[in-house]
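Below is my_file-v9.txt, which holds compact mmCIF, C-alpha atoms.
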# COMPACT_ATOMS: atom_id res chain seq x y z
CA MET A 1 59.94 -9.65 70.95
CA THR A 2 59.57 -5.93 70.29
CA PRO A 3 56.61 -4.41 68.41
CA CYS A 4 58.95 -3.45 65.50
CA GLU A 5 59.87 -7.04 64.61
CA ASP A 6 58.05 -9.32 62.17
CA ASP A 7 55.91 -11.92 63.86
CA SER A 8 54.13 -14.28 61.52
CA SER A 9 52.22 -15.67 64.45
CA ALA A 10 51.03 -12.22 65.52
CA PRO A 11 47.28 -11.76 65.56
CA LEU A 12 45.54 -9.54 62.99
CA THR A 13 45.17 -5.97 64.14
CA GLU A 14 41.56 -5.44 65.01
CA GLY A 15 39.62 -3.49 62.35
CA SER A 16 42.44 -3.24 59.75
CA PHE A 17 42.90 -6.96 58.99
CA CYS A 18 46.69 -6.40 58.66
CA VAL A 19 49.47 -8.48 60.14
CA PRO A 20 51.91 -6.14 61.96
CA THR A 21 55.36 -6.01 60.31
CA SER A 22 58.62 -4.27 61.01
CA PRO A 23 58.74 -0.65 59.69
CA HIS A 24 62.35 -1.28 58.69
CA ALA A 25 61.40 -4.26 56.53
CA ARG A 26 58.56 -2.34 54.95
CA ALA A 27 60.90 0.55 54.12
CA LYS A 28 63.43 -1.82 52.52
CA ARG A 29 60.73 -3.37 50.36
CA ARG A 30 59.41 0.06 49.37
CA ILE A 31 62.90 1.27 48.47
CA ALA A 32 63.48 -1.85 46.37
CA ALA A 33 60.19 -1.29 44.55
CA LEU A 34 61.04 2.36 43.91
CA MET A 35 64.50 1.45 42.62
CA GLU A 36 62.92 -1.05 40.26
CA GLU A 37 60.54 1.65 39.00
CA VAL A 38 63.46 4.05 38.50
CA GLU A 39 65.39 1.40 36.56
CA THR A 40 62.35 0.74 34.37
CA LEU A 41 61.98 4.47 33.69
CA LYS A 42 65.67 4.70 32.79
CA GLN A 43 65.33 1.81 30.38
CA ASP A 44 62.21 3.35 28.83
CA LYS A 45 64.03 6.66 28.46
CA ALA A 46 67.02 4.93 26.88
CA VAL A 47 64.76 3.09 24.43
CA LYS A 48 62.98 6.33 23.53
CA GLN A 49 66.30 8.08 23.07
CA ARG A 50 67.58 5.32 20.80
CA LYS A 51 64.38 5.53 18.75
CA THR A 52 64.70 9.29 18.52
CA THR A 53 68.33 9.09 17.42
CA TYR A 54 67.49 6.40 14.87
CA TYR A 55 64.52 8.23 13.35
CA VAL A 56 66.34 11.57 13.23
CA SER A 57 69.37 10.00 11.52
CA GLN A 58 67.15 8.13 9.06
CA GLY A 59 65.22 11.30 8.32
CA GLN A 60 68.38 12.96 7.03
CA ALA A 61 68.00 10.97 3.81
CA ILE A 62 64.56 12.38 3.00
CA ARG A 63 65.48 15.88 1.79
CA ARG A 64 68.53 14.50 0.02
CA MET A 65 67.11 11.46 -1.74
CA VAL A 66 63.30 11.64 -1.69
CA VAL A 67 61.71 15.10 -1.83
CA LEU A 68 63.05 18.54 -1.02
CA TYR A 69 59.77 20.26 -0.14
CA SER A 70 56.71 18.01 0.09
CA PRO A 71 55.72 17.03 3.66
CA ILE A 72 56.10 13.32 4.43
CA GLU A 73 52.43 13.24 5.46
CA ASP A 74 51.42 14.29 1.92
CA LEU A 75 53.38 11.39 0.40
CA ILE A 76 51.70 8.91 2.74
CA ALA A 77 48.25 10.41 2.16
CA GLU A 78 48.68 10.16 -1.61
CA ASN A 79 49.67 6.50 -1.42
CA ASP A 80 46.67 5.81 0.83
CA ARG A 81 44.37 7.60 -1.62
CA ARG A 82 45.64 5.51 -4.51
CA CYS A 83 45.14 2.32 -2.56
CA GLU A 84 41.52 3.31 -1.94
CA ASP A 85 40.75 4.69 -5.40
CA ARG A 86 42.96 2.59 -7.68
CA ASP A 87 40.03 0.98 -9.51
CA ILE A 88 37.89 4.10 -9.87
CA ILE A 89 39.67 5.99 -12.66
CA SER A 90 40.59 3.88 -15.68
CA THR A 91 43.26 4.84 -18.17
CA THR A 92 40.62 5.85 -20.71
CA GLU A 93 38.94 8.14 -18.22
CA TYR A 94 42.31 9.70 -17.35
CA VAL A 95 43.03 10.53 -21.00
CA HIS A 96 39.55 12.05 -21.29
CA ILE A 97 40.11 14.15 -18.17
CA VAL A 98 43.41 15.48 -19.52
CA SER A 99 41.81 16.42 -22.82
CA ILE A 100 39.01 18.45 -21.25
CA SER A 101 40.63 20.00 -18.19
CA ILE A 102 44.09 21.46 -17.72
CA SER A 103 43.38 22.08 -14.03
CA LEU A 104 42.60 18.40 -13.44
CA PHE A 105 45.78 17.48 -15.31
CA THR A 106 47.75 19.76 -12.98
CA ILE A 107 46.20 18.04 -9.97
CA ARG A 108 47.01 14.64 -11.41
CA ASN A 109 50.57 15.75 -12.17
CA ARG A 110 51.03 16.85 -8.55
CA GLN A 111 49.59 13.54 -7.36
CA ASP A 112 52.02 11.64 -9.58
CA ARG A 113 54.92 13.60 -8.09
CA LEU A 114 53.76 12.77 -4.57
CA GLN A 115 53.42 9.09 -5.42
CA ARG A 116 56.89 8.99 -6.96
CA GLY A 117 58.08 10.60 -3.76
CA TYR A 118 56.42 7.90 -1.66
CA ILE A 119 58.04 5.17 -3.78
CA GLU A 120 61.45 6.81 -3.28
CA LEU A 121 60.69 7.11 0.44
CA ALA A 122 59.98 3.38 0.64
CA LYS A 123 63.23 2.67 -1.23
CA SER A 124 65.32 4.93 0.99
CA LEU A 125 63.66 3.77 4.24
CA PRO A 126 62.55 0.19 3.51
CA TRP A 127 61.14 -0.27 7.01
CA ILE A 128 58.76 2.70 6.95
CA HIS A 129 55.91 1.01 5.04
CA GLU A 130 55.58 -1.72 7.66
CA LYS A 131 55.96 0.75 10.53
CA LEU A 132 53.11 2.86 9.22
CA ALA A 133 50.93 -0.25 9.13
CA THR A 134 51.70 -1.42 12.68
CA LEU A 135 52.07 1.77 14.75
CA ASP A 136 49.03 3.47 16.24
CA HIS A 137 48.21 7.04 15.25
CA GLU A 138 50.11 8.76 18.07
CA GLU A 139 53.22 6.61 17.61
CA SER A 140 53.10 7.19 13.86
CA GLU A 141 52.82 10.97 14.33
CA GLU A 142 55.75 10.93 16.75
CA MET A 143 57.87 8.94 14.29
CA LEU A 144 57.08 11.35 11.45
CA ARG A 145 57.97 14.36 13.63
CA LYS A 146 61.38 12.87 14.33
CA LEU A 147 61.95 12.00 10.68
CA LYS A 148 61.04 15.58 9.73
CA ARG A 149 63.48 16.92 12.32
CA GLY A 150 66.28 14.90 10.75
CA ALA A 151 65.22 15.87 7.23
CA ASP A 152 65.17 19.61 7.94
CA SER A 153 68.44 19.39 9.85
CA ALA A 154 70.18 17.72 6.89
CA ARG A 155 68.84 20.32 4.48
CA GLY A 156 70.16 23.08 6.72
CA ASP A 157 73.56 21.39 6.92
CA ASP A 158 73.76 20.97 3.15
CA THR A 159 72.78 24.54 2.34
CA GLY A 160 75.25 25.81 4.94
CA THR A 161 78.03 23.67 3.49
CA LEU A 162 77.36 24.80 -0.07
CA LYS A 163 77.04 28.46 0.94
CA ASP A 164 80.71 28.43 1.92
CA LEU A 165 81.99 26.11 -0.79
CA VAL A 166 80.19 27.78 -3.71
CA ALA A 167 81.87 31.08 -2.86
CA SER A 168 85.33 29.53 -3.23
CA TRP A 169 84.32 27.63 -6.39
CA VAL A 170 82.99 30.77 -8.08
CA ASN A 171 86.17 32.63 -7.12
CA ILE A 172 88.21 29.92 -8.86
CA GLU A 173 85.91 29.47 -11.87
CA CYS A 174 85.08 33.12 -12.59
CA CYS A 175 87.86 35.11 -10.85
CA PRO A 176 85.55 37.97 -9.76
CA THR A 177 86.87 41.29 -8.46
CA PRO A 178 86.52 41.59 -5.55
CA LEU A 179 86.43 37.95 -4.54
CA ILE A 180 83.24 36.57 -2.99
CA ARG A 181 83.44 36.10 0.76
CA ALA A 182 82.23 32.80 2.17
CA ASP A 183 80.51 34.52 5.11
CA ASP A 184 78.73 37.13 2.99
CA LYS A 185 75.44 36.45 1.19
CA TYR A 186 74.41 40.06 0.69
CA HIS A 187 76.88 40.66 -2.14
CA ARG A 188 75.84 37.63 -4.18
CA GLY A 189 72.92 37.28 -6.54
CA PHE A 190 72.46 39.64 -9.47
CA VAL A 191 74.29 42.50 -7.77
CA ASN A 192 77.47 40.47 -8.27
CA ASP A 193 78.65 40.06 -11.88
CA ALA A 194 80.02 36.53 -11.39
CA CYS A 195 76.93 35.22 -9.59
CA GLY A 196 74.66 37.17 -11.94
CA ARG A 197 76.20 35.50 -15.00
CA LEU A 198 75.65 32.07 -13.47
CA LEU A 199 72.08 32.84 -12.38
CA CYS A 200 71.12 34.51 -15.66
CA PRO A 201 68.38 32.63 -17.58
CA ALA A 202 69.70 30.61 -20.51
CA GLU A 203 67.67 32.58 -23.06
CA TRP A 204 69.52 35.83 -22.28
CA HIS A 205 73.16 36.93 -22.37
CA TRP A 206 74.51 38.48 -19.17
CA GLU A 207 77.17 40.36 -21.16
CA ASP A 208 74.40 42.50 -22.69
CA PRO A 209 74.14 45.70 -20.60
CA ALA A 210 70.39 45.88 -21.29
CA VAL A 211 69.93 42.38 -19.86
CA ARG A 212 71.94 43.16 -16.73
CA ALA A 213 70.09 46.41 -16.13
CA GLY A 214 66.68 44.85 -16.80
CA ILE A 215 67.29 41.98 -14.39
CA ARG A 216 68.70 44.19 -11.67
CA ASP A 217 65.84 46.69 -12.03
CA ARG A 218 63.33 43.81 -12.16
CA THR A 219 61.58 45.13 -15.25
CA THR A 220 58.69 43.22 -16.83
CA SER A 221 60.84 42.43 -19.87
CA PHE A 222 63.38 40.54 -17.77
CA ILE A 223 61.51 38.50 -15.17
CA VAL A 224 63.74 35.86 -13.60
CA SER A 225 61.57 32.93 -12.60
CA GLU A 226 61.63 29.17 -12.24
CA ASN A 227 60.45 28.95 -15.88
CA SER A 228 64.00 29.53 -17.13
CA TRP A 229 67.03 27.27 -16.85
CA PRO A 230 69.86 29.20 -15.12
CA THR A 231 73.17 29.34 -16.96
CA PHE A 232 75.04 27.65 -14.09
CA MET A 233 73.32 24.38 -15.02
CA TYR A 234 75.02 24.22 -18.45
CA GLU A 235 78.34 22.76 -19.45
CA ASN A 236 80.95 25.55 -19.54
CA TYR A 237 78.10 27.84 -18.36
CA GLU A 238 76.92 28.40 -21.94
CA ALA A 239 73.54 27.50 -23.41
CA ASP A 240 72.72 26.83 -27.07
CA ALA A 241 69.51 28.74 -27.83
CA LYS A 242 68.78 26.39 -30.76
CA ASN A 243 69.24 23.26 -28.64
CA LEU A 244 68.63 24.07 -24.98
CA GLU A 245 69.05 20.44 -23.94
CA ARG A 246 72.67 20.36 -25.10
CA GLY A 247 74.96 20.62 -22.09
CA LEU A 248 72.08 21.02 -19.61
CA MET A 249 72.78 19.48 -16.16
CA LYS A 250 76.47 19.06 -17.04
CA SER A 251 78.15 22.02 -15.40
CA LYS A 252 81.27 21.65 -13.30
CA LEU A 253 79.59 23.56 -10.50
CA LEU A 254 76.80 20.97 -10.29
CA VAL A 255 79.24 18.07 -10.17
CA MET A 256 81.20 19.75 -7.38
CA GLY A 257 77.98 20.36 -5.46
CA PHE A 258 76.86 16.75 -5.83
CA LYS A 259 80.20 15.38 -4.68
CA ALA A 260 80.36 17.78 -1.74
CA ILE A 261 76.99 16.54 -0.44
CA PHE A 262 77.00 12.87 -1.38
CA THR A 263 80.66 11.85 -1.17
CA SER A 264 82.70 14.44 0.74
CA PRO A 265 83.56 18.16 0.49
CA SER A 266 87.19 17.34 -0.31
CA SER A 267 86.20 15.11 -3.25
CA ALA A 268 84.53 18.13 -4.89
CA ASN A 269 87.98 19.41 -5.82
CA GLU A 270 88.47 16.49 -8.23
CA VAL A 271 85.90 16.80 -11.01
CA ASP A 272 87.90 17.15 -14.23
CA GLY A 273 88.18 13.42 -14.90
CA ASP A 274 86.03 10.43 -14.00
CA GLY A 275 85.43 9.56 -10.35
CA ASP A 276 87.59 7.13 -8.38
CA GLY A 277 84.91 4.44 -8.17
CA ALA A 278 84.81 4.16 -4.36
CA ASP A 279 81.79 2.19 -3.07
CA ILE A 280 80.71 2.04 -6.67
CA ILE A 281 77.63 -0.20 -6.42
CA GLU A 282 75.70 1.84 -3.87
CA ASN A 283 76.95 5.15 -5.19
CA CYS A 284 75.86 4.38 -8.74
CA ARG A 285 72.33 3.83 -7.46
CA ARG A 286 72.54 7.14 -5.65
CA ALA A 287 73.87 9.01 -8.67
CA ARG A 288 70.96 7.80 -10.78
CA ARG A 289 68.27 9.06 -8.40
CA ARG A 290 66.57 12.03 -10.03
CA SER A 291 65.69 13.63 -6.68
CA ASP A 292 69.39 13.76 -5.75
CA GLN A 293 70.11 15.65 -8.96
CA ALA A 294 67.28 18.13 -8.34
CA LYS A 295 68.30 18.71 -4.73
CA VAL A 296 71.86 19.70 -5.68
CA LYS A 297 70.73 22.10 -8.40
CA THR A 298 68.24 23.78 -6.08
CA CYS A 299 70.85 24.19 -3.33
CA ILE A 300 73.43 25.58 -5.76
CA ARG A 301 70.91 28.16 -6.95
CA PHE A 302 70.26 29.16 -3.34
CA ALA A 303 73.99 29.43 -2.62
CA LEU A 304 74.52 31.76 -5.59
CA SER A 305 71.61 34.00 -4.59
CA ASN A 306 71.71 36.78 -2.01
CA ILE A 307 68.91 35.45 0.20
CA THR A 308 70.26 34.67 3.65
CA SER A 309 67.83 31.97 4.84
CA TRP A 310 66.12 29.05 3.17
CA ARG A 311 62.70 29.86 1.76
CA THR A 312 60.50 28.80 -1.11
CA ILE A 313 60.10 32.15 -2.88
CA ASP A 314 62.95 34.47 -3.93
CA GLY A 315 61.40 37.46 -5.70
CA ASP A 316 59.72 35.99 -8.79
CA PHE A 317 61.57 32.69 -8.43
CA ASP A 318 59.72 29.74 -6.89
CA TYR A 319 62.18 27.09 -5.70
CA GLN A 320 59.55 24.39 -5.29
CA ILE A 321 58.39 24.70 -8.90
CA PHE A 322 62.06 24.84 -9.97
CA TRP A 323 62.59 21.53 -8.13
CA ASN A 324 59.54 20.06 -9.90
CA ASN A 325 60.83 21.24 -13.29
CA ILE A 326 64.14 19.45 -12.75
CA VAL A 327 62.48 16.22 -11.60
CA ASP A 328 60.06 16.38 -14.55
CA PHE A 329 62.99 16.76 -16.94
CA PHE A 330 64.22 13.35 -15.84
CA GLU A 331 60.91 11.63 -15.16
CA GLU A 332 58.62 13.02 -17.86
CA ALA A 333 60.59 12.40 -21.04
CA PRO A 334 58.25 12.92 -24.04
CA GLY A 335 59.36 9.78 -25.87
CA ALA A 336 61.88 7.00 -26.37
CA ALA A 337 64.54 9.27 -27.89
CA ALA A 338 64.35 11.73 -24.98
CA ARG A 339 64.38 8.83 -22.49
CA TYR A 340 67.56 7.52 -24.11
CA ARG A 341 69.21 10.94 -23.76
CA VAL A 342 68.17 11.10 -20.08
CA ASP A 343 69.67 7.66 -19.48
CA GLN A 344 72.88 8.77 -21.19
CA LEU A 345 72.96 11.87 -18.99
CA LEU A 346 72.56 9.77 -15.85
CA GLU A 347 75.32 7.46 -17.04
CA TRP A 348 77.50 10.54 -17.52
CA TRP A 349 76.78 11.59 -13.92
CA THR A 350 77.52 8.12 -12.58
CA ARG A 351 80.84 8.03 -14.42
CA LYS A 352 81.72 11.63 -13.57
CA VAL A 353 81.08 11.23 -9.86
CA PHE A 354 81.95 7.62 -9.16
CA GLY A 355 84.12 6.42 -12.04
CA ARG A 356 83.74 3.68 -14.61
CA ASN A 357 82.88 0.12 -13.68
CA HIS A 358 82.06 -3.12 -15.48
CA ARG A 359 80.69 -5.27 -12.68
CA GLN A 360 77.64 -6.10 -14.76
CA ASP A 361 80.01 -7.81 -17.21
CA LEU A 362 81.43 -10.15 -14.55
CA THR A 363 79.45 -13.21 -15.62
CA SER A 364 79.99 -16.66 -14.09
CA ASP A 365 81.96 -17.71 -17.15
CA VAL A 366 84.30 -14.71 -16.87
CA ILE A 367 84.79 -15.18 -13.13
CA SER A 368 85.58 -18.87 -13.58
CA LYS A 369 88.64 -17.94 -15.66
CA MET A 370 90.07 -15.54 -13.07
CA SER A 371 92.86 -16.46 -10.68
CA VAL A 372 90.76 -16.92 -7.53
CA SER A 373 88.53 -19.47 -9.22
CA ALA A 374 91.48 -21.02 -11.08
CA LEU A 375 93.44 -21.47 -7.82
CA ALA A 376 90.44 -23.06 -6.11
CA ALA A 377 90.12 -25.53 -8.97
CA GLN A 378 93.87 -26.35 -8.88
CA ARG A 379 93.82 -26.96 -5.12
CA GLN A 380 90.87 -29.27 -5.53
CA GLN A 381 92.68 -31.19 -8.29
CA MET A 382 95.76 -31.61 -6.07
CA GLU A 383 93.55 -32.80 -3.22
CA ASP A 384 91.87 -35.34 -5.51
CA ALA A 385 95.26 -36.58 -6.82
CA ALA A 386 96.58 -37.05 -3.26
CA PHE A 387 93.46 -39.01 -2.32
CA ASP A 388 93.80 -41.25 -5.40
CA SER A 389 97.49 -41.99 -4.65
CA ASP A 390 96.58 -43.16 -1.16

Would you kindly transcribe this structure into structure tokens?
Amino acid sequence: MTPCEDDSSAPLTEGSFCVPTSPHARAKRRIAALMEEVETLKQDKAVKQRKTTYYVSQGQAIRRMVVLYSPIEDLIAENDRRCEDRDIISTTEYVHIVSISISLFTIRNRQDRLQRGYIELAKSLPWIHEKLATLDHEESEEMLRKLKRGADSARGDDTGTLKDLVASWVNIECCPTPLIRADDKYHRGFVNDACGRLLCPAEWHWEDPAVRAGIRDRTTSFIVSENSWPTFMYENYEADAKNLERGLMKSKLLVMGFKAIFTSPSSANEVDGDGDGADIIENCRRARRRSDQAKVKTCIRFALSNITSWRTIDGDFDYQIFWNNIVDFFEEAPGAAARYRVDQLLEWWTRKVFGRNHRQDLTSDVISKMSVSALAAQRQQMEDAAFDSD
């Protein structure tokens, strides 16, 4: 027997307490162990990659259906704060605070927006609430980073899509001379008559030379800010100064923008009638989400402007406050009559984008009289008659 061969009967090497083994056998075992480690690392990498892909894809819904600006961490922090402080401030105390301090009301209003955002987040990503409760801090931070990556990526995709599409829509709707180029943002905004008319605040008339000059020269008499509703948000791009709610949120441009983002770019070409009703149940839920409505209007405003990259402030116009104003229009109705009008507006959007449907009217009694149920009953009767004859 050579020294390189295994010998279970070999004596222990003096001083090391090891049983001599074959170097070849040891190398094979070491290689096998290393290969097992490599396979484990590959599996871990694959699992991490799947998680990354999943979180990034799920995050794409956040800027579209939850909030356009607020960080996800702020939504979570606000929900945590409410869980800890829910019994501290009573309704009576809240009313008292509002009556004595506008600044505290503003804080509370912001907190309410964040909490509504968290509720929408939990609706859009039903698994996230449980994940936040079970993951440790580092895992939770990593998950939120990946969600944010997907959210910002989707926002970039949507603004890029609308930048091109809005140019062609404005060319068709307004017939400007020269036509607006899809790859040119510098000649949009108020320097362009067509875009300027659509961006003009509802309380002014773009056809007035003094208004055009004042806006373009940025005089103090014509400050364009988020405190005005742009004309492009109105039906037929015309606002009624005596009833500014009439036609608001009903423009053709908004419907085309919504359909381009939430159904498909090609569907945006069909907005004159009601929608075709495809995937009506889920899409009706989507059409009724206020954050979806606000996101489209904000992106359309950006596409009409001459700023070349996404940012919060454009001159005197604050996009984040503009977003809040739109959400508040839907969420903060001053009374029952205004709430009814908001519900009617959302029904109009559902019908305009996704078509009419009456599934809620399909009661058990109605279904029982339809041919599928009638055939089932007839087959059962024939089966019973055959059994009785036997």

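We find CA of Asp112 in chain A and CA of Leu68 in chain A to be spaced 15.6 Å apart.
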
Find the spatial neighbours of Met256 in chain A, counting all atoms listed in the file, within a cut-off of 7 Å - ignore same-chain residues fewer than 4 positions away - and output them as JSON, numbers by chain. {"A": [252, 260, 268, 269, 271]}

Write the residues you've just listed into a file as an mmCIF file, in the frame of the given file, and include C-alpha atoms for each of them.
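The resulting part_6.cif:
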data_model
loop_
_atom_site.group_PDB
_atom_site.id
_atom_site.type_symbol
_atom_site.label_atom_id
_atom_site.label_comp_id
_atom_site.auth_asym_id
_atom_site.auth_seq_id
_atom_site.Cartn_x
_atom_site.Cartn_y
_atom_site.Cartn_z
ATOM 1 C CA LYS A 252 81.270 21.650 -13.300
ATOM 2 C CA ALA A 260 80.360 17.780 -1.740
ATOM 3 C CA ALA A 268 84.530 18.130 -4.890
ATOM 4 C CA ASN A 269 87.980 19.410 -5.820
ATOM 5 C CA VAL A 271 85.900 16.800 -11.010
#

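Relative to CA of Ile128 in chain A, CA of Arg50 in chain A is found at 16.6 Å.
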
Write out as a ChimeraX atom specification the residues lying within 10 Å of Phe222 in chain A, counting all atoms listed in the file and excluding same-chain residues fewer than 2 positions away. /A:201,204,210-220,224-225

Could you list, as a VMD selection string, every residue within 10 Å of Leu132 in chain A, counting all atoms listed in the file and ignoring same-chain residues fewer than 6 positions away? chain A and resid 76 139 to 141 143 to 144

Restricted to C-alpha atoms, what would the selected residues look like written as a short mmCIF file (atom, residue, chain, number, x, y, z; two decimals), in the frame of the given file?
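Here's the written file selection_6.cif:
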data_model
loop_
_atom_site.label_atom_id
_atom_site.label_comp_id
_atom_site.auth_asym_id
_atom_site.auth_seq_id
_atom_site.Cartn_x
_atom_site.Cartn_y
_atom_site.Cartn_z
CA ILE A 76 51.70 8.91 2.74
CA GLU A 139 53.22 6.61 17.61
CA SER A 140 53.10 7.19 13.86
CA GLU A 141 52.82 10.97 14.33
CA MET A 143 57.87 8.94 14.29
CA LEU A 144 57.08 11.35 11.45
#

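Nearest residue to Ala338 in chain A, choosing from A:Gln320, A:Ala32, A:Glu245, A:Asp158 and counting only C-alpha atoms: A:Glu245.
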
Would you list the residues near (67.3, 32.5, -13.0), meaning any protein, DNA or RNA residue with an atom at most 9 Å from that point in file coordinates, counting only C-alpha atoms, as a VMD selection string? chain A and resid 196 198 to 202 223 to 231 301 317

At a cut-off of 12 Å around the point (61.9, 15.3, 16.4) (file coordinates), what residues fall inside when counting all atoms listed in the file? I'd like the answer as a ChimeraX atom specification. /A:48-49,51-60,141-153

Restricting it to C-alpha atoms, dump the selection as a PDB file, in the frame of the given file.
ATOM      1  CA  LYS A  48      62.980   6.330  23.530  1.00  0.00           C
ATOM      2  CA  GLN A  49      66.300   8.080  23.070  1.00  0.00           C
ATOM      3  CA  LYS A  51      64.380   5.530  18.750  1.00  0.00           C
ATOM      4  CA  THR A  52      64.700   9.290  18.520  1.00  0.00           C
ATOM      5  CA  THR A  53      68.330   9.090  17.420  1.00  0.00           C
ATOM      6  CA  TYR A  54      67.490   6.400  14.870  1.00  0.00           C
ATOM      7  CA  TYR A  55      64.520   8.230  13.350  1.00  0.00           C
ATOM      8  CA  VAL A  56      66.340  11.570  13.230  1.00  0.00           C
ATOM      9  CA  SER A  57      69.370  10.000  11.520  1.00  0.00           C
ATOM     10  CA  GLN A  58      67.150   8.130   9.060  1.00  0.00           C
ATOM     11  CA  GLY A  59      65.220  11.300   8.320  1.00  0.00           C
ATOM     12  CA  GLN A  60      68.380  12.960   7.030  1.00  0.00           C
ATOM     13  CA  GLU A 141      52.820  10.970  14.330  1.00  0.00           C
ATOM     14  CA  GLU A 142      55.750  10.930  16.750  1.00  0.00           C
ATOM     15  CA  MET A 143      57.870   8.940  14.290  1.00  0.00           C
ATOM     16  CA  LEU A 144      57.080  11.350  11.450  1.00  0.00           C
ATOM     17  CA  ARG A 145      57.970  14.360  13.630  1.00  0.00           C
ATOM     18  CA  LYS A 146      61.380  12.870  14.330  1.00  0.00           C
ATOM     19  CA  LEU A 147      61.950  12.000  10.680  1.00  0.00           C
ATOM     20  CA  LYS A 148      61.040  15.580   9.730  1.00  0.00           C
ATOM     21  CA  ARG A 149      63.480  16.920  12.320  1.00  0.00           C
ATOM     22  CA  GLY A 150      66.280  14.900  10.750  1.00  0.00           C
ATOM     23  CA  ALA A 151      65.220  15.870   7.230  1.00  0.00           C
ATOM     24  CA  ASP A 152      65.170  19.610   7.940  1.00  0.00           C
ATOM     25  CA  SER A 153      68.440  19.390   9.850  1.00  0.00           C
TER      26      SER A 153
END

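Going from CA of Leu121 in chain A to CA of Ala336 in chain A covers 26.8 Å.
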
Test item: residues at most 10 Å from Lys123 in chain A, all atoms listed in the file, excluding those fewer than 6 positions along its chain, as number ranges by chain: A: 65-66, 117, 129

Would you save the residues from that selection as a compact mmCIF listing (two decimals), in the coordinates of the input, using C-alpha atoms?
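For reference, selection14.txt as written:
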# COMPACT_ATOMS: atom_id res chain seq x y z
CA MET A 65 67.11 11.46 -1.74
CA VAL A 66 63.30 11.64 -1.69
CA GLY A 117 58.08 10.60 -3.76
CA HIS A 129 55.91 1.01 5.04

Shortest contact to Thr263 in chain A, candidates A:Lys242, A:Ala333, A:Phe354, A:Ala385, atoms counted all atoms listed in the file, goes to A:Phe354

Residues of range 213-254 of chain A at most 12 Å from range 159-179 of chain A: nearest atom pair and distance in Å, only C-alpha atoms, as JSON lines:
{"residue": "A:Phe232", "atom": "CA", "partner": "A:Val170", "partner_atom": "CA", "distance": 10.4}
{"residue": "A:Asn236", "atom": "CA", "partner": "A:Glu173", "partner_atom": "CA", "distance": 9.9}
{"residue": "A:Tyr237", "atom": "CA", "partner": "A:Glu173", "partner_atom": "CA", "distance": 10.3}
{"residue": "A:Ser251", "atom": "CA", "partner": "A:Glu173", "partner_atom": "CA", "distance": 11.3}
{"residue": "A:Lys252", "atom": "CA", "partner": "A:Glu173", "partner_atom": "CA", "distance": 9.2}
{"residue": "A:Leu253", "atom": "CA", "partner": "A:Trp169", "partner_atom": "CA", "distance": 7.5}
{"residue": "A:Leu254", "atom": "CA", "partner": "A:Val166", "partner_atom": "CA", "distance": 10.1}
